[in-house]
file entry-v1.tsv (TSV, C-alpha atoms)
chain	number	residue	atom	x	y	z
Z	1	MET	CA	24.73	-50.57	10.88
Z	2	CYS	CA	21.28	-49.39	11.82
Z	3	GLY	CA	22.79	-46.72	14.09
Z	4	ARG	CA	24.95	-45.36	11.26
Z	5	ARG	CA	21.93	-45.18	8.94
Z	6	THR	CA	19.91	-43.36	11.60
Z	7	ILE	CA	22.67	-40.80	12.14
Z	8	ALA	CA	23.09	-40.33	8.38
Z	9	ALA	CA	19.35	-39.84	7.91
Z	10	PHE	CA	19.26	-37.33	10.76
Z	11	CYS	CA	22.14	-35.36	9.26
Z	12	LEU	CA	20.41	-35.37	5.87
Z	13	CYS	CA	17.22	-34.02	7.42
Z	14	ILE	CA	19.14	-31.23	9.16
Z	15	ALA	CA	20.90	-30.34	5.90
Z	16	VAL	CA	17.62	-30.19	3.99
Z	17	PHE	CA	16.05	-28.14	6.79
Z	18	LEU	CA	18.87	-25.60	6.74
Z	19	SER	CA	19.03	-25.44	2.95
Z	20	THR	CA	15.35	-24.52	2.68
Z	21	GLY	CA	15.84	-21.69	5.17
Z	22	PHE	CA	14.86	-21.80	8.80
Z	23	ARG	CA	13.03	-18.50	8.52
Z	24	ALA	CA	10.56	-19.83	5.98
Z	25	GLN	CA	9.68	-22.83	8.19
Z	26	ALA	CA	8.53	-20.81	11.20
Z	27	ASN	CA	5.00	-21.52	12.42
Z	28	VAL	CA	2.87	-18.47	13.11
Z	29	SER	CA	0.28	-18.70	15.84
Z	30	ILE	CA	-2.25	-15.93	16.48
Z	31	THR	CA	-5.46	-15.78	18.47
Z	32	ALA	CA	-7.64	-13.69	16.16
Z	33	PRO	CA	-9.78	-15.73	13.74
Z	34	SER	CA	-9.06	-13.59	10.69
Z	35	ALA	CA	-5.77	-11.99	9.67
Z	36	ILE	CA	-3.37	-11.24	6.84
Z	37	LEU	CA	0.19	-9.99	6.42
Z	38	ILE	CA	1.38	-8.40	3.17
Z	39	GLU	CA	4.39	-6.49	1.90
Z	40	ALA	CA	3.20	-3.08	0.78
Z	41	SER	CA	5.28	-2.30	-2.33
Z	42	THR	CA	4.61	-5.65	-4.04
Z	43	GLY	CA	1.27	-6.53	-2.43
Z	44	GLN	CA	2.61	-10.04	-1.86
Z	45	ILE	CA	0.80	-12.08	0.81
Z	46	ILE	CA	3.17	-13.47	3.45
Z	47	PHE	CA	0.58	-14.95	5.81
Z	48	GLU	CA	-3.19	-15.28	5.78
Z	49	GLN	CA	-5.85	-16.86	7.95
Z	50	ASN	CA	-9.51	-16.69	6.89
Z	51	ALA	CA	-8.50	-13.52	5.08
Z	52	THR	CA	-11.59	-13.28	2.86
Z	53	GLU	CA	-14.08	-13.91	5.66
Z	54	ARG	CA	-16.57	-11.03	5.86
Z	55	ARG	CA	-16.62	-9.30	9.23
Z	56	SER	CA	-17.62	-6.00	10.77
Z	57	PRO	CA	-14.61	-3.67	10.39
Z	58	ALA	CA	-15.57	-1.07	13.03
Z	59	SER	CA	-13.35	2.04	12.78
Z	60	ILE	CA	-10.96	0.42	10.32
Z	61	THR	CA	-13.62	1.75	7.96
Z	62	LYS	CA	-11.92	5.12	8.37
Z	63	ILE	CA	-8.99	3.92	6.25
Z	64	MET	CA	-11.24	4.38	3.23
Z	65	THR	CA	-12.35	7.78	4.53
Z	66	LEU	CA	-8.70	8.83	4.81
Z	67	LEU	CA	-7.91	7.36	1.39
Z	68	LEU	CA	-10.64	9.39	-0.31
Z	69	ALA	CA	-9.59	12.53	1.57
Z	70	PHE	CA	-5.98	12.19	0.41
Z	71	GLU	CA	-7.17	11.39	-3.10
Z	72	GLN	CA	-9.16	14.63	-3.13
Z	73	LEU	CA	-6.15	16.52	-1.75
Z	74	GLU	CA	-3.93	15.11	-4.49
Z	75	ALA	CA	-6.49	16.16	-7.12
Z	76	GLY	CA	-6.54	19.70	-5.73
Z	77	LYS	CA	-10.27	19.54	-4.97
Z	78	ILE	CA	-9.70	20.26	-1.28
Z	79	SER	CA	-6.89	21.77	0.77
Z	80	LEU	CA	-5.46	21.12	4.22
Z	81	ASP	CA	-6.28	24.75	4.99
Z	82	ASP	CA	-9.98	24.26	4.17
Z	83	GLN	CA	-12.33	25.37	6.95
Z	84	VAL	CA	-14.53	22.38	7.78
Z	85	THR	CA	-17.76	23.13	9.61
Z	86	THR	CA	-19.25	20.50	11.92
Z	87	SER	CA	-22.94	19.89	11.23
Z	88	GLU	CA	-25.55	18.98	13.85
Z	89	TYR	CA	-25.53	15.47	12.45
Z	90	ALA	CA	-21.74	15.13	12.62
Z	91	SER	CA	-21.62	16.41	16.19
Z	92	SER	CA	-24.25	13.86	17.23
Z	93	MET	CA	-22.04	10.86	16.47
Z	94	GLY	CA	-21.51	8.59	19.44
Z	95	GLY	CA	-18.71	6.15	20.11
Z	96	SER	CA	-15.17	7.38	19.65
Z	97	GLN	CA	-15.28	11.14	19.20
Z	98	VAL	CA	-13.35	14.37	19.71
Z	99	PHE	CA	-16.45	16.25	20.89
Z	100	LEU	CA	-16.87	18.66	18.01
Z	101	ALA	CA	-19.76	21.05	18.61
Z	102	ALA	CA	-22.37	21.86	15.98
Z	103	GLY	CA	-21.13	24.85	14.02
Z	104	GLU	CA	-17.55	24.38	15.17
Z	105	VAL	CA	-14.96	25.05	12.48
Z	106	GLN	CA	-11.62	23.26	12.20
Z	107	THR	CA	-9.10	23.08	9.38
Z	108	LEU	CA	-9.11	19.93	7.30
Z	109	ASP	CA	-5.61	19.29	8.61
Z	110	THR	CA	-6.92	19.20	12.19
Z	111	MET	CA	-9.88	17.05	11.19
Z	112	LEU	CA	-7.55	14.48	9.61
Z	113	LYS	CA	-5.60	14.35	12.87
Z	114	CYS	CA	-8.85	13.79	14.75
Z	115	ILE	CA	-9.62	10.84	12.45
Z	116	ALA	CA	-6.17	9.26	12.22
Z	117	VAL	CA	-5.09	9.76	15.83
Z	118	ALA	CA	-8.23	9.67	17.97
Z	119	SER	CA	-10.57	7.86	15.54
Z	120	GLY	CA	-13.16	10.63	15.83
Z	121	ASN	CA	-16.51	9.57	14.37
Z	122	ASP	CA	-17.69	13.18	14.46
Z	123	ALA	CA	-14.61	14.35	12.53
Z	124	SER	CA	-15.07	11.56	9.96
Z	125	VAL	CA	-18.63	12.61	9.20
Z	126	ALA	CA	-17.66	16.29	9.07
Z	127	VAL	CA	-14.95	15.53	6.51
Z	128	ALA	CA	-17.30	13.29	4.51
Z	129	GLU	CA	-19.85	16.09	4.34
Z	130	HIS	CA	-17.17	18.61	3.39
Z	131	ILE	CA	-16.02	16.45	0.47
Z	132	ALA	CA	-19.29	15.05	-0.85
Z	133	GLY	CA	-22.03	17.26	0.63
Z	134	SER	CA	-23.49	14.44	2.71
Z	135	GLU	CA	-22.35	11.25	4.38
Z	136	ALA	CA	-24.61	9.22	2.08
Z	137	ALA	CA	-22.97	10.68	-1.02
Z	138	PHE	CA	-19.54	10.06	0.48
Z	139	VAL	CA	-20.43	6.43	1.24
Z	140	GLU	CA	-21.26	6.01	-2.46
Z	141	MET	CA	-17.76	7.23	-3.22
Z	142	MET	CA	-16.37	4.73	-0.69
Z	143	ASN	CA	-18.15	1.80	-2.27
Z	144	GLY	CA	-17.13	2.97	-5.72
Z	145	LYS	CA	-13.48	3.08	-4.66
Z	146	ALA	CA	-13.78	-0.35	-3.04
Z	147	ALA	CA	-15.07	-1.78	-6.32
Z	148	GLU	CA	-12.28	-0.05	-8.24
Z	149	LEU	CA	-9.67	-1.65	-5.95
Z	150	GLY	CA	-11.21	-5.10	-6.31
Z	151	MET	CA	-12.42	-5.28	-2.71
Z	152	THR	CA	-15.00	-7.97	-3.43
Z	153	ASP	CA	-15.80	-8.70	0.23
Z	154	THR	CA	-16.54	-5.12	1.28
Z	155	HIS	CA	-19.60	-2.93	1.51
Z	156	PHE	CA	-19.83	0.32	3.46
Z	157	GLU	CA	-22.91	1.83	5.09
Z	158	ASP	CA	-21.21	4.75	6.84
Z	159	CYS	CA	-17.87	6.56	6.82
Z	160	CYS	CA	-16.74	5.73	10.35
Z	161	GLY	CA	-17.75	2.13	11.13
Z	162	LEU	CA	-20.15	2.99	13.94
Z	163	THR	CA	-23.09	1.20	12.34
Z	164	ASP	CA	-24.25	-2.25	13.50
Z	165	SER	CA	-25.72	-3.06	10.10
Z	166	ASP	CA	-24.99	-6.52	8.72
Z	167	ASN	CA	-24.58	-4.80	5.36
Z	168	HIS	CA	-21.46	-2.98	6.56
Z	169	TYR	CA	-18.64	-5.47	6.22
Z	170	SER	CA	-15.12	-6.07	4.99
Z	171	SER	CA	-12.39	-8.70	5.17
Z	172	ALA	CA	-8.78	-8.78	6.32
Z	173	LYS	CA	-7.64	-9.03	2.71
Z	174	ASP	CA	-9.75	-6.08	1.57
Z	175	ILE	CA	-8.57	-3.97	4.48
Z	176	ALA	CA	-4.99	-4.78	3.49
Z	177	ILE	CA	-5.81	-3.72	-0.08
Z	178	MET	CA	-7.14	-0.29	0.91
Z	179	SER	CA	-4.38	0.15	3.50
Z	180	ARG	CA	-1.78	-0.54	0.82
Z	181	GLU	CA	-3.43	1.93	-1.56
Z	182	LEU	CA	-3.37	4.61	1.11
Z	183	ILE	CA	0.22	4.23	2.33
Z	184	THR	CA	1.88	3.62	-1.05
Z	185	LYS	CA	0.11	6.40	-2.94
Z	186	TYR	CA	-0.17	8.91	-0.10
Z	187	PRO	CA	2.73	8.37	2.36
Z	188	LYS	CA	1.94	11.78	3.87
Z	189	VAL	CA	-0.68	9.91	5.89
Z	190	PHE	CA	2.20	8.81	8.13
Z	191	ASP	CA	2.52	12.44	9.28
Z	192	TYR	CA	-0.81	11.80	11.00
Z	193	THR	CA	-0.72	8.12	11.94
Z	194	THR	CA	2.62	8.42	13.78
Z	195	ILE	CA	1.29	11.09	16.17
Z	196	TRP	CA	1.05	9.76	19.71
Z	197	MET	CA	-0.46	12.82	21.41
Z	198	GLU	CA	-1.33	16.30	20.20
Z	199	ASP	CA	-3.55	19.11	21.43
Z	200	ILE	CA	-6.28	20.75	19.38
Z	201	THR	CA	-8.31	23.80	20.31
Z	202	HIS	CA	-12.11	23.83	20.34
Z	203	VAL	CA	-13.52	27.28	19.59
Z	204	THR	CA	-17.28	27.47	20.17
Z	205	LYS	CA	-19.87	29.93	21.44
Z	206	GLN	CA	-18.87	28.84	24.93
Z	207	GLY	CA	-15.26	29.91	24.34
Z	208	SER	CA	-11.97	28.14	23.71
Z	209	SER	CA	-10.82	24.88	25.25
Z	210	THR	CA	-7.94	22.50	24.72
Z	211	PHE	CA	-8.53	18.86	23.87
Z	212	THR	CA	-5.75	16.26	23.76
Z	213	LEU	CA	-5.80	13.73	20.96
Z	214	THR	CA	-4.31	10.40	22.05
Z	215	SER	CA	-3.56	7.68	19.54
Z	216	THR	CA	-5.68	4.56	19.73
Z	217	ASN	CA	-2.77	2.62	18.18
Z	218	LYS	CA	-0.74	1.39	21.17
Z	219	LEU	CA	1.75	-0.25	18.80
Z	220	LEU	CA	3.31	3.20	18.44
Z	221	LYS	CA	4.73	2.64	21.92
Z	222	GLN	CA	5.00	-1.14	21.83
Z	223	TYR	CA	6.68	-1.84	18.48
Z	224	GLN	CA	9.47	0.45	17.36
Z	225	TRP	CA	8.93	0.04	13.60
Z	226	THR	CA	5.25	1.08	13.68
Z	227	THR	CA	4.08	3.75	11.23
Z	228	GLY	CA	0.28	3.41	11.62
Z	229	LEU	CA	-2.41	2.76	10.64
Z	230	LYS	CA	-5.88	2.35	12.20
Z	231	THR	CA	-7.64	0.54	15.01
Z	232	GLY	CA	-11.30	-0.35	15.42
Z	233	SER	CA	-13.57	-1.96	17.99
Z	234	THR	CA	-17.26	-2.46	18.63
Z	235	SER	CA	-19.17	-5.19	20.43
Z	236	LYS	CA	-19.96	-6.71	17.03
Z	237	ALA	CA	-16.54	-6.35	15.41
Z	238	LYS	CA	-14.58	-7.06	18.61
Z	239	TYR	CA	-11.01	-5.72	18.29
Z	240	CYS	CA	-9.39	-4.95	14.94
Z	241	VAL	CA	-6.26	-3.25	13.69
Z	242	SER	CA	-4.53	-2.55	10.41
Z	243	ALA	CA	-0.93	-2.17	11.54
Z	244	THR	CA	1.77	-0.76	9.28
Z	245	ALA	CA	5.49	-0.86	9.94
Z	246	SER	CA	8.70	0.04	8.13
Z	247	LYS	CA	12.11	-1.55	8.70
Z	248	ASP	CA	15.19	-1.85	6.48
Z	249	GLY	CA	13.27	-0.51	3.48
Z	250	ILE	CA	10.47	-3.05	3.83
Z	251	ASP	CA	6.92	-1.85	4.55
Z	252	LEU	CA	4.53	-4.43	6.00
Z	253	ILE	CA	0.79	-4.36	6.65
Z	254	ALA	CA	-0.71	-6.70	9.26
Z	255	VAL	CA	-4.50	-6.80	9.55
Z	256	ILE	CA	-6.15	-8.40	12.58
Z	257	MET	CA	-9.93	-8.82	12.81
Z	258	ALA	CA	-12.19	-9.95	15.66
Z	259	ALA	CA	-9.50	-10.37	18.32
Z	260	PRO	CA	-11.11	-11.10	21.71
Z	261	ASP	CA	-9.54	-8.11	23.47
Z	262	TYR	CA	-7.48	-5.03	22.68
Z	263	LYS	CA	-4.21	-6.47	24.02
Z	264	ILE	CA	-4.43	-9.59	21.85
Z	265	ARG	CA	-5.19	-7.43	18.81
Z	266	PHE	CA	-1.82	-5.69	19.22
Z	267	GLN	CA	0.01	-8.88	20.22
Z	268	ASP	CA	-1.23	-10.66	17.10
Z	269	ALA	CA	-0.25	-7.74	14.89
Z	270	GLN	CA	3.22	-7.62	16.42
Z	271	THR	CA	3.58	-11.38	16.00
Z	272	LEU	CA	2.82	-11.09	12.28
Z	273	LEU	CA	5.08	-8.08	11.75
Z	274	THR	CA	7.98	-9.74	13.59
Z	275	TYR	CA	7.48	-12.89	11.54
Z	276	GLY	CA	7.41	-10.84	8.35
Z	277	TYR	CA	10.69	-9.12	9.09
Z	278	ASN	CA	12.28	-12.45	9.97
Z	279	VAL	CA	11.41	-14.09	6.65
Z	280	CYS	CA	11.36	-11.19	4.16
Z	281	ASP	CA	14.17	-9.97	1.96
Z	282	LEU	CA	13.38	-7.41	-0.74
Z	283	TYR	CA	15.34	-7.16	-3.98
Z	284	ILE	CA	15.04	-3.78	-5.72
Z	285	ASP	CA	16.42	-2.69	-9.08
Z	286	GLU	CA	15.57	0.96	-9.66
Z	287	ASN	CA	16.54	0.53	-13.34
Z	288	GLN	CA	18.55	3.72	-13.50
Z	289	ASP	CA	21.07	2.28	-16.00
Z	290	SER	CA	20.86	3.77	-19.48
Z	291	LEU	CA	19.63	1.79	-22.45
Z	292	GLN	CA	21.12	2.21	-25.92
Z	293	PRO	CA	18.84	3.65	-28.66
Z	294	LEU	CA	17.44	1.21	-31.19
Z	295	LEU	CA	17.91	1.49	-34.95
Z	296	VAL	CA	14.74	2.48	-36.81
Z	297	GLU	CA	14.00	1.33	-40.35
Z	298	GLY	CA	11.83	3.57	-42.52
Z	299	GLY	CA	11.45	6.34	-39.96
Z	300	VAL	CA	11.95	10.10	-39.98
Z	301	SER	CA	14.69	9.39	-37.46
Z	302	ASP	CA	17.23	6.58	-37.65
Z	303	GLU	CA	17.17	5.90	-33.90
Z	304	VAL	CA	14.64	5.75	-31.11
Z	305	ASN	CA	15.26	6.03	-27.38
Z	306	VAL	CA	13.85	3.43	-25.01
Z	307	LYS	CA	13.27	3.33	-21.24
Z	308	TYR	CA	12.26	0.98	-18.45
Z	309	ALA	CA	8.60	1.07	-17.47
Z	310	GLY	CA	9.70	1.35	-13.83
Z	311	GLU	CA	11.65	-0.35	-11.09
Z	312	PHE	CA	11.64	-4.07	-10.31
Z	313	ARG	CA	10.86	-5.50	-6.88
Z	314	TYR	CA	10.97	-9.08	-5.73
Z	315	LEU	CA	10.05	-10.21	-2.23
Z	316	ASP	CA	11.74	-13.40	-1.05
Z	317	THR	CA	10.44	-15.34	1.96
Z	318	GLN	CA	12.48	-18.53	1.46
Z	319	GLY	CA	15.85	-17.36	2.76
Z	320	ASN	CA	17.47	-17.15	-0.69
Z	321	VAL	CA	20.61	-15.07	-1.18
Z	322	LEU	CA	19.51	-12.33	-3.55
Z	323	ASP	CA	23.01	-11.15	-4.47
Z	324	GLY	CA	22.89	-13.66	-7.32
Z	325	VAL	CA	19.91	-12.14	-9.13
Z	326	GLU	CA	20.67	-11.67	-12.84
Z	327	LYS	CA	18.99	-9.26	-15.24
Z	328	VAL	CA	18.63	-10.18	-18.91
Z	329	ILE	CA	17.69	-7.44	-21.41
Z	330	GLU	CA	15.56	-8.56	-24.36
Z	331	LEU	CA	15.41	-5.98	-27.19
Z	332	PRO	CA	15.33	-6.23	-31.01
Z	333	GLN	CA	18.31	-4.93	-32.96
Z	334	THR	CA	16.09	-2.86	-35.24
Z	335	VAL	CA	12.47	-1.75	-35.31
Z	336	SER	CA	10.25	-0.54	-38.12
Z	337	ALA	CA	8.53	2.86	-38.14
Z	338	PRO	CA	6.12	4.06	-37.06
Z	339	VAL	CA	6.68	3.55	-33.32
Z	340	GLU	CA	4.56	5.05	-30.56
Z	341	GLU	CA	5.85	6.48	-27.31
Z	342	GLY	CA	4.90	4.24	-24.37
Z	343	ALA	CA	4.44	1.08	-26.47
Z	344	GLU	CA	6.30	-2.00	-25.26
Z	345	VAL	CA	9.35	-2.99	-27.32
Z	346	GLY	CA	11.10	-5.44	-25.01
Z	347	LYS	CA	11.63	-6.40	-21.38
Z	348	ALA	CA	14.14	-6.89	-18.61
Z	349	THR	CA	13.77	-10.34	-17.06
Z	350	TYR	CA	15.21	-11.33	-13.68
Z	351	PHE	CA	16.53	-14.76	-12.75
Z	352	LEU	CA	17.85	-16.42	-9.61
Z	353	ASP	CA	19.57	-19.80	-9.92
Z	354	GLY	CA	17.88	-20.26	-13.29
Z	355	ALA	CA	14.38	-19.54	-11.99
Z	356	GLN	CA	12.53	-16.53	-13.39
Z	357	LEU	CA	11.51	-14.01	-10.74
Z	358	GLY	CA	9.67	-11.54	-12.94
Z	359	SER	CA	10.17	-8.87	-15.56
Z	360	VAL	CA	9.79	-5.16	-16.32
Z	361	PRO	CA	8.62	-3.92	-19.74
Z	362	ILE	CA	10.91	-1.72	-21.81
Z	363	LEU	CA	9.04	1.04	-23.64
Z	364	TYR	CA	9.61	3.48	-26.47
Z	365	ALA	CA	10.59	6.82	-24.94
Z	366	GLU	CA	9.42	8.78	-28.00
Z	367	SER	CA	7.31	8.45	-31.12
Z	368	ILE	CA	8.94	8.10	-34.54
Z	369	GLU	CA	6.77	8.62	-37.61
Z	370	LYS	CA	7.15	6.66	-40.81
Z	371	ALA	CA	9.31	8.48	-43.34
Z	372	LYS	CA	7.67	9.90	-46.46
Z	373	TYR	CA	9.20	10.94	-49.79
Z	374	PRO	CA	10.23	14.47	-48.61
Z	375	ASP	CA	11.88	12.92	-45.55
Z	376	TYR	CA	14.03	10.68	-47.75
Z	377	LEU	CA	15.04	13.72	-49.84
Z	378	LYS	CA	16.12	15.52	-46.68
Z	379	LYS	CA	18.21	12.53	-45.69
Z	380	ILE	CA	19.86	12.41	-49.14
Z	381	PHE	CA	20.65	16.14	-49.15
Z	382	GLY	CA	21.92	15.86	-45.61
Z	383	PHE	CA	24.24	13.02	-46.65
Z	384	PHE	CA	25.78	15.03	-49.52
Z	385	LEU	CA	26.12	18.16	-47.39
Z	386	LEU	CA	28.10	16.17	-44.87
call {"tool": "encode", "arguments": {"input": "entry-v1.tsv", "output": "structure tokens"}}
result
Amino acid sequence: MCGRRTIAAFCLCIAVFLSTGFRAQANVSITAPSAILIEASTGQIIFEQNATERRSPASITKIMTLLLAFEQLEAGKISLDDQVTTSEYASSMGGSQVFLAAGEVQTLDTMLKCIAVASGNDASVAVAEHIAGSEAAFVEMMNGKAAELGMTDTHFEDCCGLTDSDNHYSSAKDIAIMSRELITKYPKVFDYTTIWMEDITHVTKQGSSTFTLTSTNKLLKQYQWTTGLKTGSTSKAKYCVSATASKDGIDLIAVIMAAPDYKIRFQDAQTLLTYGYNVCDLYIDENQDSLQPLLVEGGVSDEVNVKYAGEFRYLDTQGNVLDGVEKVIELPQTVSAPVEEGAEVGKATYFLDGAQLGSVPILYAESIEKAKYPDYLKKIFGFFLL
């Protein structure tokens, strides 16, 4: 009798284990003391370990430098064809550099390659000066952007991460936040971060010479789904990486801080990315279906068009089958004028097995003013003419 009960209990345990999804039960083991894994489009955290612990970020700092550069490009304040002149100060940067000479001119496009591929400190300062006039002014912009993004465990002292100052710090979570902002808003950055090797030409008073940029991100060769993003290392920071990858429509960001050596930094990142792709399934509704106009009472028009605020995304890490997701539209039958374009009038709510996953607002697609006496006369005349 006891044997039968033991077997039955064992079978029950196996059934429960399988029903909850093997993928979601996996244990993740990494060496680095601080790390995080997030899905980029939703920002959902999949794994974290001491993710808000403040640490020296080294050259991962340059993610913010790249973010501000692409922000300025998007705003039309700078151009990839801009001629960027290297100052004496920029050329004096030590550490990782591309050996820009004082007075040397490169296009902004080339400078961005020097930053994203070879982690050039000299190129970072040159770009900072080109955008803000000085590195100090650019660092103010960096800290302002960090505050705007809610990076509460970050403070920058320079634009490249070379400083040893205790007042220059960030966290794995904050690095993931700025990495996500960069890759989701400015995916063109991947044109730079996926470069493995590329030659640039130095033109100085001494003549022309070729210099080969080689990516510091060895994951480009080690992990086939890699798209970027930035490495960093100093004696204080040890070895860091913000690794981005894209597979089956899912973009992941794995941040590793303070790994003991450069190999472990990449091993840990790959461990997190592999885990993420094993447990993640992304449901996307682009909300391209048309919505019927709503009846308007007391308006200059009898109907008003409505639209979805955007697409819906839900990241599942529990092994659920997402084919069963249901969408429920909640809209009033009639609305009263006036209505304002962009105001929320309803929502689309998503359910799976009775559980709510989230919702997307439904907005007025146009403004309808309240009808006045002349408008009613027009409607009456229009009725009789018909």
call {"tool": "axis_aligned_box", "arguments": {"input": "entry-v1.tsv", "around": "range 71-89 of chain Z", "padding_each_side": "5 Å", "output": "lines of an AutoDock Vina configuration file"}}
result
center_x = -14.7
center_y = 18.4
center_z = 3.4
size_x = 31.6
size_y = 24.0
size_z = 31.0
call {"tool": "closest_residue", "arguments": {"input": "entry-v1.tsv", "among": "Z:Ala146, Z:Ala371, Z:Leu315, Z:Val189", "to": "Pro338 in chain Z", "atoms": "only C-alpha atoms"}}
result
Z:Ala371
call {"tool": "closest_residue", "arguments": {"input": "entry-v1.tsv", "among": "Z:Val105, Z:Ile284, Z:Leu252, Z:Val279", "to": "Gln318 in chain Z", "atoms": "only C-alpha atoms"}}
result
Z:Val279
call {"tool": "atom_distance", "arguments": {"input": "entry-v1.tsv", "atom1": "CA of Gly150 in chain Z", "atom2": "CA of Leu162 in chain Z"}}
result
23.6 Å
call {"tool": "residues_around", "arguments": {"input": "entry-v1.tsv", "residues": "Asn217 in chain Z", "least_positions_apart": "3", "cutoff": "10 Å", "atoms": "all atoms listed in the file", "output": "list in words"}}
result
Ala116, Val117, Ala118, Ser119, Thr193, Thr194, Ile195, Trp196, Thr214, Leu220, Lys221, Gln222, Thr226, Thr227, Gly228, Leu229, Lys230, Thr231, Gly232, Val241, Ser242, Ala243 and Phe266 of chain Z
call {"tool": "closest_residue", "arguments": {"input": "entry-v1.tsv", "among": "Z:Gly207, Z:Gly43, Z:Pro57, Z:Gly120", "to": "Ser165 in chain Z", "atoms": "only C-alpha atoms"}}
result
Z:Pro57
call {"tool": "closest_residue", "arguments": {"input": "entry-v1.tsv", "among": "Z:Ile256, Z:Ser233, Z:Phe156, Z:Asp109", "to": "Gly144 in chain Z", "atoms": "all atoms listed in the file"}}
result
Z:Phe156
call {"tool": "residues_around", "arguments": {"input": "entry-v1.tsv", "residues": "Lys307 in chain Z", "least_positions_apart": "3", "cutoff": "8 Å", "atoms": "all atoms listed in the file", "output": "ChimeraX atom specification"}}
result
/Z:290-291,362-365
call {"tool": "closest_residue", "arguments": {"input": "entry-v1.tsv", "among": "Z:Asn50, Z:Asn320, Z:Thr65, Z:Ser29", "to": "Ala172 in chain Z", "atoms": "all atoms listed in the file"}}
result
Z:Asn50
